[in-house]
Every structure is written in C-alpha cells, then in structure tokens.
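Below: work.cif (mmCIF, C-alpha atoms)
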```cif
data_structure
#
loop_
_atom_site.label_atom_id
_atom_site.label_comp_id
_atom_site.auth_asym_id
_atom_site.auth_seq_id
_atom_site.Cartn_x
_atom_site.Cartn_y
_atom_site.Cartn_z
CA GLY A 524 -41.12 14.26 -50.22
CA GLN A 525 -42.99 15.93 -47.41
CA ASN A 526 -46.51 14.73 -46.68
CA ILE A 527 -48.98 15.06 -43.84
CA ASP A 528 -52.37 13.35 -44.01
CA GLN A 529 -55.44 14.14 -41.95
CA PRO A 530 -59.12 13.36 -42.53
CA THR A 531 -60.87 16.26 -44.24
CA GLU A 532 -63.94 16.34 -42.07
CA MET A 533 -65.37 14.66 -38.95
CA THR A 534 -68.68 14.94 -37.13
CA ALA A 535 -69.34 14.15 -33.47
CA THR A 536 -71.98 14.76 -30.84
CA GLU A 537 -71.77 17.16 -27.92
CA GLY A 538 -70.39 15.38 -24.85
CA ALA A 539 -68.74 12.61 -26.88
CA ILE A 540 -65.06 11.80 -27.49
CA VAL A 541 -63.41 12.23 -30.90
CA GLN A 542 -59.97 11.21 -32.16
CA ILE A 543 -58.37 13.08 -35.05
CA ASN A 544 -55.52 11.19 -36.71
CA CYS A 545 -52.46 12.55 -38.45
CA THR A 546 -49.85 10.57 -40.36
CA TYR A 547 -46.67 12.13 -41.64
CA GLN A 548 -43.74 11.41 -43.93
CA THR A 549 -41.14 14.12 -43.68
CA SER A 550 -37.43 14.35 -44.39
CA GLY A 551 -36.81 15.35 -40.78
CA PHE A 552 -38.71 15.23 -37.52
CA ASN A 553 -38.15 17.46 -34.55
CA GLY A 554 -41.60 17.65 -33.04
CA LEU A 555 -45.30 17.69 -33.88
CA PHE A 556 -47.81 20.43 -33.12
CA TRP A 557 -51.58 20.58 -33.08
CA TYR A 558 -53.39 23.88 -33.68
CA GLN A 559 -57.06 24.80 -33.54
CA GLN A 560 -58.46 27.24 -36.10
CA HIS A 561 -61.99 28.62 -35.94
CA ALA A 562 -63.37 29.88 -39.26
CA GLY A 563 -61.91 33.26 -40.17
CA GLU A 564 -59.61 33.31 -37.16
CA ALA A 565 -55.95 32.68 -36.40
CA PRO A 566 -54.70 29.17 -35.60
CA THR A 567 -54.03 28.77 -31.88
CA PHE A 568 -51.60 26.35 -30.28
CA LEU A 569 -53.03 23.25 -28.60
CA SER A 570 -50.22 20.77 -28.00
CA TYR A 571 -46.68 19.69 -28.76
CA ASN A 572 -45.15 16.19 -28.85
CA VAL A 573 -41.52 15.32 -29.50
CA LEU A 574 -41.24 12.01 -27.61
CA ASP A 575 -43.45 8.95 -28.00
CA GLY A 576 -46.47 8.80 -25.77
CA LEU A 577 -49.45 10.73 -24.60
CA GLU A 578 -49.53 14.38 -23.51
CA GLU A 579 -52.66 15.35 -21.61
CA LYS A 580 -53.91 18.88 -21.21
CA GLY A 581 -57.39 19.17 -19.78
CA ARG A 582 -60.01 17.91 -22.24
CA PHE A 583 -57.38 17.62 -24.98
CA SER A 584 -54.69 14.94 -25.29
CA SER A 585 -52.17 14.30 -28.04
CA PHE A 586 -50.32 11.09 -28.82
CA LEU A 587 -47.19 10.46 -30.87
CA SER A 588 -45.53 7.36 -32.31
CA ARG A 589 -42.37 8.36 -34.16
CA SER A 590 -41.71 4.85 -35.48
CA LYS A 591 -45.14 4.81 -37.13
CA GLY A 592 -45.13 8.45 -38.24
CA TYR A 593 -48.46 8.84 -36.47
CA SER A 594 -50.16 11.19 -34.08
CA TYR A 595 -53.68 11.76 -32.85
CA LEU A 596 -55.52 14.50 -31.03
CA LEU A 597 -58.17 13.30 -28.59
CA LEU A 598 -60.94 15.65 -27.57
CA LYS A 599 -63.12 14.61 -24.63
CA GLU A 600 -66.46 15.95 -23.40
CA LEU A 601 -67.01 17.73 -26.69
CA GLN A 602 -68.55 21.18 -26.59
CA MET A 603 -70.17 23.17 -29.38
CA LYS A 604 -67.25 25.63 -29.26
CA ASP A 605 -64.90 22.80 -30.28
CA SER A 606 -66.33 23.03 -33.81
CA ALA A 607 -63.25 24.19 -35.73
CA SER A 608 -60.44 22.99 -37.97
CA TYR A 609 -57.59 21.11 -36.33
CA LEU A 610 -54.17 21.43 -37.97
CA CYS A 611 -51.34 18.94 -37.57
CA ALA A 612 -47.86 20.38 -38.18
CA VAL A 613 -44.41 18.77 -38.15
CA TYR A 614 -41.29 20.73 -37.36
CA SER A 615 -38.83 19.17 -39.76
CA GLY A 616 -35.89 21.27 -38.63
CA THR A 617 -34.08 24.34 -39.89
CA TYR A 618 -37.05 26.50 -38.92
CA LYS A 619 -39.38 24.71 -41.35
CA TYR A 620 -42.88 23.68 -40.30
CA ILE A 621 -44.99 21.47 -42.55
CA PHE A 622 -48.74 21.72 -42.07
CA GLY A 623 -51.48 19.28 -42.98
CA THR A 624 -54.62 20.51 -44.72
CA GLY A 625 -56.54 20.36 -41.45
CA THR A 626 -59.55 18.40 -40.20
CA ARG A 627 -62.84 20.26 -39.99
CA LEU A 628 -64.73 19.05 -36.91
CA LYS A 629 -68.46 19.63 -36.57
CA VAL A 630 -69.97 19.16 -33.14
CA LEU A 631 -73.71 18.50 -33.19
CA ALA A 632 -76.11 19.13 -30.33
CA GLY B 1413 -50.34 44.70 -28.57
CA ALA B 1414 -50.65 41.36 -26.90
CA GLY B 1415 -50.89 39.32 -30.08
CA VAL B 1416 -49.72 39.27 -33.68
CA SER B 1417 -51.40 42.00 -35.67
CA GLN B 1418 -51.86 41.96 -39.45
CA SER B 1419 -53.16 44.62 -41.77
CA PRO B 1420 -55.20 45.03 -43.80
CA SER B 1421 -57.62 42.31 -42.74
CA ASN B 1422 -59.09 42.25 -46.25
CA LYS B 1423 -57.70 43.47 -49.55
CA VAL B 1424 -59.41 43.42 -52.92
CA THR B 1425 -57.39 44.58 -55.90
CA GLU B 1426 -57.22 44.25 -59.65
CA LYS B 1427 -54.94 41.86 -61.42
CA GLY B 1428 -51.59 43.45 -62.17
CA LYS B 1429 -51.54 45.77 -59.17
CA ASP B 1430 -48.96 45.59 -56.39
CA VAL B 1431 -50.02 44.87 -52.80
CA GLU B 1432 -48.26 45.22 -49.48
CA LEU B 1433 -49.23 43.20 -46.42
CA ARG B 1434 -48.08 44.13 -42.94
CA CYS B 1435 -47.33 42.05 -39.86
CA ASP B 1436 -46.62 43.29 -36.32
CA PRO B 1437 -45.28 40.36 -34.28
CA ILE B 1438 -45.46 39.94 -30.54
CA SER B 1439 -42.97 42.25 -28.89
CA GLY B 1440 -39.68 40.49 -28.20
CA HIS B 1441 -40.27 37.63 -30.65
CA THR B 1442 -37.23 37.29 -32.87
CA ALA B 1443 -38.68 34.68 -35.26
CA LEU B 1444 -41.31 35.62 -37.83
CA TYR B 1445 -42.99 33.47 -40.47
CA TRP B 1446 -45.25 34.13 -43.45
CA TYR B 1447 -47.66 31.48 -44.70
CA ARG B 1448 -50.31 31.31 -47.38
CA GLN B 1449 -53.57 29.44 -46.80
CA SER B 1450 -55.75 28.62 -49.80
CA LEU B 1451 -59.16 26.97 -49.62
CA GLY B 1452 -58.75 23.24 -49.01
CA GLN B 1453 -54.98 23.52 -48.76
CA GLY B 1454 -52.63 23.35 -45.81
CA LEU B 1455 -50.60 26.32 -44.69
CA GLU B 1456 -47.93 26.91 -47.31
CA PHE B 1457 -44.63 28.20 -45.91
CA LEU B 1458 -43.42 31.34 -47.66
CA ILE B 1459 -40.52 32.84 -45.71
CA TYR B 1460 -38.88 32.89 -42.30
CA PHE B 1461 -37.07 35.75 -40.55
CA GLN B 1462 -34.68 35.53 -37.64
CA GLY B 1463 -34.27 39.11 -36.55
CA ASN B 1464 -34.05 41.10 -39.78
CA SER B 1465 -32.44 38.27 -41.74
CA ALA B 1466 -34.29 35.78 -43.91
CA PRO B 1467 -32.21 32.57 -43.88
CA ASP B 1468 -34.96 30.69 -45.70
CA LYS B 1469 -36.72 32.26 -48.68
CA SER B 1470 -37.30 28.93 -50.36
CA GLY B 1471 -41.08 29.08 -50.07
CA LEU B 1472 -41.61 32.30 -52.02
CA PRO B 1473 -43.66 31.17 -55.07
CA SER B 1474 -42.05 33.49 -57.61
CA ASP B 1475 -39.88 36.58 -57.96
CA ARG B 1476 -43.04 38.69 -57.75
CA PHE B 1477 -43.03 37.97 -54.01
CA SER B 1478 -40.65 39.70 -51.63
CA ALA B 1479 -40.53 40.38 -47.90
CA GLU B 1480 -38.54 42.44 -45.50
CA ARG B 1481 -38.35 42.98 -41.78
CA THR B 1482 -37.01 46.06 -40.08
CA GLY B 1483 -35.92 46.75 -36.53
CA GLY B 1484 -36.43 43.11 -35.68
CA SER B 1485 -40.12 43.85 -35.55
CA VAL B 1486 -42.54 44.80 -38.34
CA SER B 1487 -42.50 42.78 -41.54
CA THR B 1488 -44.03 43.49 -44.92
CA LEU B 1489 -44.83 40.99 -47.65
CA THR B 1490 -45.05 42.56 -51.09
CA ILE B 1491 -46.63 40.96 -54.13
CA GLN B 1492 -45.94 42.69 -57.43
CA ARG B 1493 -48.09 42.39 -60.56
CA THR B 1494 -50.68 40.32 -58.73
CA GLN B 1495 -52.30 37.35 -60.45
CA GLN B 1496 -55.60 35.66 -59.67
CA GLU B 1497 -53.81 32.63 -58.27
CA ASP B 1498 -52.40 34.90 -55.56
CA SER B 1499 -55.86 35.06 -53.98
CA ALA B 1500 -55.59 33.46 -50.54
CA VAL B 1501 -55.32 34.24 -46.84
CA TYR B 1502 -51.82 35.34 -45.88
CA LEU B 1503 -50.94 34.47 -42.30
CA CYS B 1504 -48.09 35.80 -40.23
CA ALA B 1505 -46.77 34.06 -37.12
CA SER B 1506 -44.08 34.81 -34.58
CA SER B 1507 -42.27 32.81 -31.93
CA LEU B 1508 -39.85 33.75 -29.19
CA THR B 1509 -36.60 32.54 -30.76
CA GLY B 1510 -37.63 30.26 -33.59
CA GLY B 1511 -37.54 26.54 -34.17
CA GLY B 1512 -37.64 23.57 -31.88
CA ASN B 1513 -40.40 23.21 -29.38
CA GLN B 1514 -41.73 26.73 -29.60
CA PRO B 1515 -45.32 27.21 -30.69
CA GLN B 1516 -46.07 29.85 -33.26
CA HIS B 1517 -48.47 32.67 -32.49
CA PHE B 1518 -50.56 33.58 -35.51
CA GLY B 1519 -52.27 36.74 -36.62
CA ASP B 1520 -55.80 36.70 -38.03
CA GLY B 1521 -54.43 37.00 -41.55
CA THR B 1522 -55.02 39.17 -44.58
CA ARG B 1523 -57.63 37.88 -47.00
CA LEU B 1524 -56.41 38.86 -50.47
CA SER B 1525 -58.76 38.76 -53.43
CA ILE B 1526 -57.47 39.46 -56.94
CA LEU B 1527 -60.17 40.38 -59.44
#
```
Would you kindly transcribe this structure into structure tokens?
Amino acid sequence: GQNIDQPTEMTATEGAIVQINCTYQTSGFNGLFWYQQHAGEAPTFLSYNVLDGLEEKGRFSSFLSRSKGYSYLLLKELQMKDSASYLCAVYSGTYKYIFGTGTRLKVLA
Amino acid sequence: GAGVSQSPSNKVTEKGKDVELRCDPISGHTALYWYRQSLGQGLEFLIYFQGNSAPDKSGLPSDRFSAERTGGSVSTLTIQRTQQEDSAVYLCASSLTGGGNQPQHFGDGTRLSIL
C-alpha cells in the first residue's frame, strides 16, 4: 500500500528550531516534496529531495534517507508567519503524487 | 494570470444538484492535476491531464465525477448528483511538463459544501 506519516500538530516558540518528520512507504519513489499551506490558501512549494542528504534553502532545510523511507523539514529562526501546515509528498512515478495529511505548526510568541 | 486560478472560490449547493469547478493553469504548463482535500485528510489525487489527455483517471471516486481539459489550458471538474460526502476543498495544480522533479503550483481551491 501507499502510506505517508507525519505528526498531526507541533508547537514551537518564535526564534527556535523545529524539525517536522515524514516517513513513507510507497510502491515507487522518485522524489519527495515539502509544501507549506497557510489556512485557506494554496500549498506552496518549499523543497525537493531525490538523493540522500540535506538540501538547504535559507531558513529551511530538508533531509532524505531513501533506505529508511524518512525525511524531515528543518525550520530555523522560527517566525510567526511560519505558522501553517506542512505537507510531505512522494512522487511515486507515472505522474502520481502521494500526500501526507500534513503537520500543523503553531509558532508562539 | 501569474498563478493557477480556480473558480468559484466557494460553492454551496443542495444534494442531488450538479456542480462544475473550473481551473485556469499557469500559461504554458502542460500538466494539470485535480485533488480533493477533506478536513484532517491528505490531498487525495483525482485526475491528471497531460495536454488535453487524461492518462490517469484512477483517482476519480465514482462515475458521478468527470473532468475535461480543452486547448491544453482550462480544465473543468464536474460532479453530478452531488452527495454530502462530496463536501471538501477541490484543489487544482499545474506543472511545466509533469512528473519528476517539477513542483506543482496550486490554486486556492474551491470550497464545496453540499447541504
């Protein structure tokens, strides 16, 4: 079957660092995406990993381990505007993307 | 426009009615996707278009759902004889050529409520 697991909700403090984990079991793997979705808005692309390792992009970094079926999104120097849902999605091939249920992050002052 | 545009943004209708949802992808994007997002659920894949062709319709929940795309651009998702379980946010996304390492660009969605 196809399964992606993420924590439902996380809370962190402004200025802190938070790590959002994603584990996946899919019939195929051709890359993993992270999207940010503010309430009532469209998901927006954050990062893409297809090889093992860390991809850094400003305050956001994403890590992938294909052998473990595991990824995380690391957010540094948290800001209030980072309060949103973070969606993990696997491209399993043949134009099919499988999305997790998302992690709702609350950033507290 | 610069982004993916969906209309209407909200739709409230009675059970049993037909509804039509529209998606205008980013100009030049050949790949177009429809998803359904219910409360507490992940994005559920519905259908994918490459140009005007839909090679993958496997996600459509029932034969009450249909979709078409014309001119390699605008797409419409039609739900016939709506049921209460159809209530959800319907998201459209496009990407340049589809698949692989290309991120999807999403519209703001249509929030559908069936009374």
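If we count all atoms listed in the file, these residues of chain B sit within 6 Å of chain A: B:Gln1453, B:Gly1454, B:Leu1455, B:Gly1511, B:Phe1518, B:Gly1519, B:Asp1520.
Using all atoms listed in the file, every residue with an atom at most 12 Å from the point (-40.0, 46.1, -38.9) is listed here: Arg1434, Cys1435, Asp1436, Pro1437, Ile1438, Ser1439, His1441, Thr1442, Leu1444, Phe1461, Gln1462, Gly1463, Asn1464, Ser1465, Ala1479, Glu1480, Arg1481, Thr1482, Gly1483, Gly1484, Ser1485, Val1486, Ser1487, Thr1488 and Leu1489 of chain B.
The result of the PyMOL selection byres ((chain B and resi 1478) around 10) on the shown file is Glu1432, Leu1458, Ile1459, Lys1469, Leu1472, Pro1473, Ser1474, Asp1475, Arg1476, Phe1477, Ala1479, Glu1480, Thr1488, Leu1489, Thr1490, Ile1491 and Gln1492 of chain B.
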I'd like to see the residues matched by the PyMOL selection byres ((chain B and resi 1503) around 8) on this file, and ideally I'd get them as a ChimeraX atom specification. /A:565 /B:1446-1449,1501-1502,1504-1505,1518-1522
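Residues in contact with B:Gln1496 at 7 Å, where all atoms listed in the file are counted and same-chain residues fewer than 6 positions away are skipped, are listed as Lys1427, Ile1526 and Leu1527 of chain B.
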Written file, previous selection with C-alpha atoms, as a PDB file, keeping the file's coordinate frame:
```pdb
ATOM      1  CA  LYS B1427     -54.940  41.860 -61.420  1.00  0.00           C
ATOM      2  CA  ILE B1526     -57.470  39.460 -56.940  1.00  0.00           C
ATOM      3  CA  LEU B1527     -60.170  40.380 -59.440  1.00  0.00           C
TER       4      LEU B1527
END
```
Using the chain letters and numbers from the file, give me the residues hit by the PyMOL selection byres ((chain A and resi 628) around 12), as number ranges by chain. A: 529-537, 540-543, 559-562, 596, 598, 601-610, 625-627, 629-631
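The spacing separating atom CA of B:His1517 from atom CA of B:Val1416 amounts to 6.8 Å.
Between atom CA of A:Leu577 and atom CA of A:Lys591 the separation is 14.5 Å.
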Write out as a VMD selection string each polymer residue whose atoms come within 9 Å of B:Thr1494, counting only C-alpha atoms; drop sequence neighbours fewer than 4 positions from it. chain B and resid 1425 to 1431 1476 1498 to 1499 1526
As a PyMOL selection string, please: the residues near stretch 581-587 of chain A (cut-off 6 Å, only C-alpha atoms, same-chain neighbours under 6 positions excluded). chain A and resi 575+593-599
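For the atom pair formed by atom CA of B:Asn1513 and atom CA of B:Gly1452, the distance is 26.9 Å, given to one decimal.
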Selected residue of minimal separation from B:Glu1497 among B:Pro1515, B:Gly1471, B:Leu1433, B:Leu1524, counting only C-alpha atoms: B:Leu1524
